[in-house]
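Heads up, the thing below is written out as structure tokens.
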Amino acid sequence: MSERKEALFYKRRDDGKIDCLLCPRGCRLAEGEVGACLGRKHENGILYADNYARTVSMAVDPIEKKPLYHFYPGKQILSIAPNGCNFACSYCQNWEISQTVVPTRELSPHQAVEAARRVRSVGIAYTYTEPLVWYEYLLDTGTLIHKAGMVNVLVTNGYINEEPLLKLLPIIDALNIDVKSQADSFYRSHCKGRLEPVLRTARIAKRSGCHVEVTNLLIPGLNDADEDIESMVEWVSDLGVDTPLHFSRYFPHYKCDLPPTSAETLQKAYAKAKERLRYVYIGNISVDGASNTYCFNCGSLLISRQGYTVHAAHLKMDRCAVCGAHADFRGV
């Protein structure tokens, strides 16, 4: 059994409580209380990372499943997850392991690195739930992964304070950030969070040189109106027109019983985004051509995707073989 790990980023208060400073949720914990993320506990004046080296899931996935379409395309990556999340989304697709306490198994940082080596993974994806609540484990494991010549990937809601983010980013190679809406009211009503910290994370990560892709789950009647899509496209464009945007289909789950997103809505969002962005994709539904990568300059097919099967077409290293334009890939 691993030695218990003291958490980083917290402050003791004069009243005996502890303020967790990891994320904007700002949990204030009395003795014996556990944070909203399910992973941090106050005991005897110390905040412990009780989720350290405990994983709820472990699998080898195509990196496209994250989804990351412009980072090591066609490669496999070891994927692991903590039990918990610092959001409480009413429509959570993985609520069984993010919103409730479930059994976990130990996976030390060294064991994680050896597992990645054993399956010949390009690295580790911290995914499925919310990896940022696994902060101390990310730092330790991610450092070892880099020393082993592999990569670290975060699939995240981006909800973290700036200081811990800046400490973490030097060992992170790629992020898919789930930006749920451009409306703060959506975050407050449906996620128990706020918008601006998420946008800040994306801006800082992009500016730091990390590879960033954005996912937007479109939910009927909540964030799929024309103005919602237009504001999302405008924001991603400001982040960088080379930033891949994935529109994802919602299905009823957890506490939300709205009908699934229509193909028409997703296609409309795709067409609108393609007017301003180089790379736009549709996920969780099969739409002809909407998973392929095309050259932004000449329109040639660079990579075709059928499910998670990837075929390089007119791609030469990281450039279009037809016109020579840079194709904005890493790891090809």
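Going through the structure tokens in order, the chains are called A, B, and so on, while each chain numbers its residues from 1 and the ligands are numbered from 1 in the order shown.
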
What lies within 10 Å of Cys323 (chain A) using only C-alpha atoms, ignoring chain neighbours under 5 positions off, as a list in words?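 The neighbour list is Cys295, Asn297, Cys298, Gly299, Ser300 and His314 of chain A.
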
Ser291 (chain A) surroundings by only C-alpha atoms, 12 Å radius, close-in-sequence under 5 positions cut, as a ChimeraX atom specification: /A:64-65,67-70,244-248,267,270,279-286,301-311

Backbone-only DSSP, helix (DSSP H, G or I) members of region 26-218 of chain A, as a VMD selection string: chain A and resid 63 to 65 95 to 98 109 to 118 131 to 147 162 to 171 184 to 190 196 to 208

Here is a test: counting only C-alpha atoms, which residue of A:Cys23, A:Ala125, A:Leu169, A:Ala115 is nearest to Pro62 (chain A)? A:Ala125

Find the residues around Leu258 (chain A) up to 8 Å (only C-alpha atoms counted), leave out those fewer than 4 positions away in its own chain, and share them as a ChimeraX atom specification. /A:219-220,251-252
